[in-house]
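final.cif, holding mmCIF, N, CA, C and O atoms:
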data_start
loop_
_atom_site.label_atom_id
_atom_site.label_comp_id
_atom_site.auth_asym_id
_atom_site.auth_seq_id
_atom_site.Cartn_x
_atom_site.Cartn_y
_atom_site.Cartn_z
N MET K 1 -114.90 -76.20 205.69
CA MET K 1 -114.01 -76.33 204.56
C MET K 1 -112.90 -75.29 204.61
O MET K 1 -111.80 -75.55 204.17
N GLU K 2 -113.24 -74.11 205.12
CA GLU K 2 -112.25 -73.05 205.19
C GLU K 2 -111.07 -73.47 206.08
O GLU K 2 -109.92 -73.21 205.74
N ALA K 3 -111.37 -74.13 207.19
CA ALA K 3 -110.32 -74.57 208.09
C ALA K 3 -109.46 -75.64 207.42
O ALA K 3 -108.22 -75.61 207.53
N LEU K 4 -110.07 -76.55 206.72
CA LEU K 4 -109.33 -77.60 206.02
C LEU K 4 -108.38 -76.99 205.00
O LEU K 4 -107.21 -77.34 204.92
N GLN K 5 -108.89 -76.04 204.24
CA GLN K 5 -108.08 -75.39 203.22
C GLN K 5 -106.93 -74.59 203.86
O GLN K 5 -105.81 -74.63 203.38
N ALA K 6 -107.22 -73.89 204.94
CA ALA K 6 -106.19 -73.09 205.61
C ALA K 6 -105.07 -73.96 206.16
O ALA K 6 -103.89 -73.64 206.01
N VAL K 7 -105.43 -75.07 206.79
CA VAL K 7 -104.40 -75.96 207.34
C VAL K 7 -103.60 -76.60 206.22
O VAL K 7 -102.39 -76.75 206.31
N ALA K 8 -104.27 -76.95 205.13
CA ALA K 8 -103.57 -77.54 203.99
C ALA K 8 -102.54 -76.54 203.43
O ALA K 8 -101.42 -76.92 203.09
N ARG K 9 -102.92 -75.28 203.34
CA ARG K 9 -102.00 -74.27 202.83
C ARG K 9 -100.87 -73.95 203.80
O ARG K 9 -99.73 -73.82 203.41
N ALA K 10 -101.24 -73.79 205.08
CA ALA K 10 -100.27 -73.36 206.09
C ALA K 10 -99.34 -74.48 206.53
O ALA K 10 -98.20 -74.24 206.91
N GLY K 11 -99.84 -75.71 206.52
CA GLY K 11 -99.03 -76.83 206.96
C GLY K 11 -98.97 -76.98 208.46
O GLY K 11 -98.26 -77.83 208.97
N SER K 12 -99.74 -76.15 209.18
CA SER K 12 -99.80 -76.28 210.63
C SER K 12 -101.11 -75.70 211.15
O SER K 12 -101.67 -74.78 210.55
N LEU K 13 -101.58 -76.24 212.26
CA LEU K 13 -102.81 -75.76 212.87
C LEU K 13 -102.65 -74.34 213.39
O LEU K 13 -103.53 -73.50 213.24
N THR K 14 -101.51 -74.06 213.98
CA THR K 14 -101.27 -72.74 214.55
C THR K 14 -101.27 -71.66 213.48
O THR K 14 -101.92 -70.62 213.63
N HIS K 15 -100.56 -71.89 212.40
CA HIS K 15 -100.52 -70.91 211.32
C HIS K 15 -101.90 -70.75 210.67
O HIS K 15 -102.31 -69.65 210.32
N ALA K 16 -102.60 -71.85 210.51
CA ALA K 16 -103.94 -71.79 209.94
C ALA K 16 -104.88 -70.99 210.84
O ALA K 16 -105.67 -70.18 210.36
N ALA K 17 -104.79 -71.22 212.14
CA ALA K 17 -105.62 -70.48 213.09
C ALA K 17 -105.33 -68.98 212.99
O ALA K 17 -106.26 -68.16 212.99
N ASP K 18 -104.07 -68.63 212.88
CA ASP K 18 -103.70 -67.21 212.72
C ASP K 18 -104.30 -66.65 211.43
O ASP K 18 -104.83 -65.54 211.42
N MET K 19 -104.23 -67.41 210.34
CA MET K 19 -104.77 -66.96 209.06
C MET K 19 -106.28 -66.71 209.15
O MET K 19 -106.80 -65.79 208.52
N LEU K 20 -106.95 -67.56 209.92
CA LEU K 20 -108.41 -67.49 210.02
C LEU K 20 -108.89 -66.58 211.15
O LEU K 20 -110.09 -66.34 211.28
N GLY K 21 -107.97 -66.11 211.98
CA GLY K 21 -108.36 -65.30 213.13
C GLY K 21 -109.08 -66.12 214.19
O GLY K 21 -109.99 -65.64 214.86
N MET K 22 -108.66 -67.37 214.33
CA MET K 22 -109.28 -68.30 215.28
C MET K 22 -108.20 -68.84 216.21
O MET K 22 -107.02 -68.64 215.98
N THR K 23 -108.65 -69.57 217.22
CA THR K 23 -107.70 -70.27 218.08
C THR K 23 -107.41 -71.63 217.46
O THR K 23 -108.25 -72.18 216.73
N PRO K 24 -106.23 -72.20 217.76
CA PRO K 24 -105.95 -73.55 217.26
C PRO K 24 -106.99 -74.57 217.71
O PRO K 24 -107.34 -75.47 216.96
N LEU K 25 -107.51 -74.41 218.92
CA LEU K 25 -108.54 -75.34 219.42
C LEU K 25 -109.80 -75.27 218.56
O LEU K 25 -110.40 -76.31 218.24
N SER K 26 -110.19 -74.08 218.16
CA SER K 26 -111.37 -73.93 217.29
C SER K 26 -111.15 -74.62 215.95
O SER K 26 -112.05 -75.28 215.43
N VAL K 27 -109.95 -74.47 215.39
CA VAL K 27 -109.63 -75.12 214.13
C VAL K 27 -109.68 -76.64 214.31
O VAL K 27 -110.24 -77.35 213.47
N CYS K 28 -109.13 -77.13 215.40
CA CYS K 28 -109.16 -78.57 215.68
C CYS K 28 -110.59 -79.09 215.75
O CYS K 28 -110.89 -80.17 215.23
N ARG K 29 -111.47 -78.32 216.37
CA ARG K 29 -112.87 -78.75 216.48
C ARG K 29 -113.54 -78.81 215.11
O ARG K 29 -114.31 -79.72 214.83
N LEU K 30 -113.26 -77.83 214.26
CA LEU K 30 -113.81 -77.85 212.91
C LEU K 30 -113.31 -79.07 212.14
O LEU K 30 -114.06 -79.74 211.43
N LEU K 31 -112.03 -79.35 212.28
CA LEU K 31 -111.43 -80.50 211.58
C LEU K 31 -111.98 -81.81 212.13
O LEU K 31 -112.14 -82.76 211.37
N ALA K 32 -112.27 -81.85 213.42
CA ALA K 32 -112.87 -83.06 214.01
C ALA K 32 -114.23 -83.33 213.38
O ALA K 32 -114.60 -84.49 213.16
N GLY K 33 -114.95 -82.26 213.05
CA GLY K 33 -116.24 -82.42 212.37
C GLY K 33 -116.09 -83.02 210.99
O GLY K 33 -116.86 -83.88 210.59
N VAL K 34 -115.05 -82.58 210.28
CA VAL K 34 -114.79 -83.14 208.94
C VAL K 34 -114.38 -84.60 209.07
O VAL K 34 -114.85 -85.45 208.31
N GLU K 35 -113.51 -84.89 210.05
CA GLU K 35 -113.09 -86.28 210.26
C GLU K 35 -114.28 -87.16 210.58
O GLU K 35 -114.37 -88.30 210.10
N SER K 36 -115.19 -86.65 211.37
CA SER K 36 -116.39 -87.41 211.72
C SER K 36 -117.25 -87.66 210.47
O SER K 36 -117.79 -88.75 210.29
N GLU K 37 -117.33 -86.65 209.62
CA GLU K 37 -118.14 -86.77 208.40
C GLU K 37 -117.57 -87.79 207.43
O GLU K 37 -118.31 -88.58 206.84
N ILE K 38 -116.24 -87.81 207.26
CA ILE K 38 -115.66 -88.73 206.29
C ILE K 38 -115.20 -90.05 206.92
O ILE K 38 -114.87 -90.97 206.21
N GLY K 39 -115.17 -90.08 208.26
CA GLY K 39 -114.82 -91.31 208.96
C GLY K 39 -113.34 -91.68 208.91
O GLY K 39 -113.00 -92.84 209.13
N GLN K 40 -112.50 -90.70 208.60
CA GLN K 40 -111.06 -90.94 208.53
C GLN K 40 -110.31 -89.68 208.95
O GLN K 40 -110.86 -88.58 208.86
N PRO K 41 -109.05 -89.83 209.35
CA PRO K 41 -108.25 -88.64 209.68
C PRO K 41 -108.08 -87.75 208.44
O PRO K 41 -108.06 -88.24 207.31
N VAL K 42 -107.98 -86.43 208.67
CA VAL K 42 -107.82 -85.51 207.56
C VAL K 42 -106.38 -85.07 207.34
O VAL K 42 -106.04 -84.59 206.27
N PHE K 43 -105.54 -85.24 208.35
CA PHE K 43 -104.14 -84.84 208.21
C PHE K 43 -103.20 -85.93 208.67
O PHE K 43 -103.54 -86.76 209.50
N GLN K 44 -102.01 -85.90 208.11
CA GLN K 44 -100.96 -86.82 208.52
C GLN K 44 -99.68 -86.02 208.72
O GLN K 44 -99.48 -85.01 208.04
N PRO K 45 -98.83 -86.45 209.66
CA PRO K 45 -97.57 -85.74 209.86
C PRO K 45 -96.71 -85.79 208.60
O PRO K 45 -96.71 -86.78 207.87
N TYR K 46 -96.00 -84.72 208.36
CA TYR K 46 -95.09 -84.63 207.22
C TYR K 46 -93.88 -83.82 207.69
O TYR K 46 -93.89 -82.59 207.60
N GLY K 47 -92.89 -84.53 208.24
CA GLY K 47 -91.77 -83.84 208.86
C GLY K 47 -92.27 -83.05 210.06
O GLY K 47 -92.95 -83.59 210.90
N ARG K 48 -91.99 -81.76 210.08
CA ARG K 48 -92.46 -80.90 211.17
C ARG K 48 -93.80 -80.25 210.85
O ARG K 48 -94.29 -79.43 211.60
N MET K 49 -94.36 -80.60 209.73
CA MET K 49 -95.63 -80.02 209.30
C MET K 49 -96.68 -81.13 209.18
O MET K 49 -96.41 -82.27 209.52
N ILE K 50 -97.86 -80.76 208.68
CA ILE K 50 -98.90 -81.74 208.41
C ILE K 50 -99.42 -81.51 207.00
O ILE K 50 -99.28 -80.43 206.44
N ARG K 51 -99.99 -82.56 206.43
CA ARG K 51 -100.57 -82.44 205.10
C ARG K 51 -101.86 -83.26 205.03
O ARG K 51 -102.11 -84.12 205.87
N LEU K 52 -102.66 -82.98 204.01
CA LEU K 52 -103.92 -83.68 203.84
C LEU K 52 -103.71 -85.17 203.58
O LEU K 52 -102.80 -85.54 202.86
N THR K 53 -104.59 -85.97 204.16
CA THR K 53 -104.60 -87.39 203.80
C THR K 53 -105.31 -87.51 202.45
O THR K 53 -105.98 -86.59 202.00
N ARG K 54 -105.19 -88.65 201.85
CA ARG K 54 -105.85 -88.88 200.56
C ARG K 54 -107.37 -88.74 200.70
O ARG K 54 -108.03 -88.15 199.84
N ALA K 55 -107.91 -89.26 201.79
CA ALA K 55 -109.37 -89.17 202.01
C ALA K 55 -109.81 -87.71 202.12
O ALA K 55 -110.84 -87.33 201.57
N ALA K 56 -109.04 -86.90 202.83
CA ALA K 56 -109.38 -85.49 202.98
C ALA K 56 -109.27 -84.75 201.65
O ALA K 56 -110.09 -83.89 201.34
N LEU K 57 -108.25 -85.08 200.88
CA LEU K 57 -108.08 -84.45 199.57
C LEU K 57 -109.27 -84.76 198.66
O LEU K 57 -109.82 -83.87 198.01
N LEU K 58 -109.71 -86.00 198.65
CA LEU K 58 -110.88 -86.38 197.83
C LEU K 58 -112.15 -85.68 198.32
O LEU K 58 -112.95 -85.20 197.51
N PHE K 59 -112.31 -85.60 199.63
CA PHE K 59 -113.47 -84.91 200.20
C PHE K 59 -113.46 -83.44 199.79
O PHE K 59 -114.47 -82.90 199.36
N TRP K 60 -112.31 -82.80 199.90
CA TRP K 60 -112.17 -81.39 199.56
C TRP K 60 -112.47 -81.16 198.07
O TRP K 60 -113.21 -80.26 197.70
N GLN K 61 -111.91 -82.01 197.22
CA GLN K 61 -112.15 -81.88 195.78
C GLN K 61 -113.62 -82.07 195.44
O GLN K 61 -114.19 -81.32 194.64
N ASN K 62 -114.26 -83.08 196.04
CA ASN K 62 -115.68 -83.33 195.78
C ASN K 62 -116.55 -82.19 196.28
O ASN K 62 -117.52 -81.80 195.61
N THR K 63 -116.22 -81.64 197.42
CA THR K 63 -116.99 -80.53 197.97
C THR K 63 -116.83 -79.29 197.10
O THR K 63 -117.81 -78.61 196.81
N ASN K 64 -115.61 -79.02 196.66
CA ASN K 64 -115.39 -77.87 195.78
C ASN K 64 -116.09 -78.05 194.45
O ASN K 64 -116.64 -77.11 193.89
N ARG K 65 -116.07 -79.25 193.93
CA ARG K 65 -116.73 -79.54 192.64
C ARG K 65 -118.24 -79.35 192.80
O ARG K 65 -118.88 -78.74 191.95
N THR K 66 -118.80 -79.83 193.89
CA THR K 66 -120.23 -79.69 194.15
C THR K 66 -120.60 -78.21 194.28
O THR K 66 -121.60 -77.76 193.73
N SER K 67 -119.77 -77.43 194.97
CA SER K 67 -120.03 -76.00 195.11
C SER K 67 -119.97 -75.30 193.77
O SER K 67 -120.79 -74.45 193.45
N SER K 68 -119.00 -75.65 192.95
CA SER K 68 -118.87 -75.06 191.61
C SER K 68 -120.07 -75.41 190.76
O SER K 68 -120.61 -74.56 190.06
N ASP K 69 -120.50 -76.65 190.82
CA ASP K 69 -121.66 -77.08 190.04
C ASP K 69 -122.91 -76.31 190.46
O ASP K 69 -123.71 -75.91 189.63
N SER K 70 -123.07 -76.09 191.77
CA SER K 70 -124.22 -75.35 192.27
C SER K 70 -124.21 -73.92 191.79
O SER K 70 -125.24 -73.36 191.42
N LEU K 71 -123.03 -73.30 191.81
CA LEU K 71 -122.92 -71.92 191.34
C LEU K 71 -123.22 -71.80 189.85
O LEU K 71 -123.90 -70.89 189.41
N GLN K 72 -122.73 -72.77 189.08
CA GLN K 72 -122.94 -72.73 187.63
C GLN K 72 -124.41 -72.96 187.27
O GLN K 72 -124.91 -72.43 186.30
N SER K 73 -125.09 -73.77 188.06
CA SER K 73 -126.49 -74.06 187.76
C SER K 73 -127.44 -73.02 188.35
O SER K 73 -128.64 -73.09 188.15
N GLY K 74 -126.87 -72.07 189.12
CA GLY K 74 -127.68 -70.99 189.68
C GLY K 74 -128.39 -71.34 190.96
O GLY K 74 -129.31 -70.66 191.37
N GLU K 75 -128.00 -72.38 191.61
CA GLU K 75 -128.65 -72.78 192.88
C GLU K 75 -128.18 -71.91 194.02
O GLU K 75 -127.17 -71.37 194.04
#

Let me see the structure of the file written as structure tokens.
Amino acid sequence: MEALQAVARAGSLTHAADMLGMTPLSVCRLLAGVESEIGQPVFQPYGRMIRLTRAALLFWQNTNRTSSDSLQSGE
């Protein structure tokens, strides 16, 4: 999830990798895992940058909501 959030904020794999202290290839591999989990691409081109697809945005929101619910319930 951290990689997804970083790429969404940075708008590029390279900048996200720098933010995370990782290589772009490592970030790509993490994102491939998310794509495999949701069965759809997570990013789409947006000019010279990239942005989240609708499916990725919904996945991210649901994951964050689930994490928040777990924290609030003390799990």

**OP:** Enumerate, as an MDAnalysis selection string, the complete set of residues in chain K that a backbone-based DSSP assignment places in helix (DSSP H, G or I).
**Re:** chainID K and resid 2:10 13:20 24:38 54:73

**OP:** Might you spell out which residues the PyMOL selection byres ((chain K and resi 48-52) around 6) would select in the displayed file, as a PyMOL selection string?
**Re:** chain K and resi 7-8+10-12+42-47+53-54+56-57

**OP:** Would you mind listing what lies within 8 Å of Thr23 of chain K as number ranges by chain, with only C-alpha atoms counted and same-chain residues fewer than 5 positions away left out?
**Re:** K: 14, 17-18

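Going from atom O of Gly21 of chain K over to atom N of Ala55 of chain K, you cover 27.1 Å.
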
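Between atom C of Leu30 of chain K and atom N of Met1 of chain K the separation is 7.2 Å.
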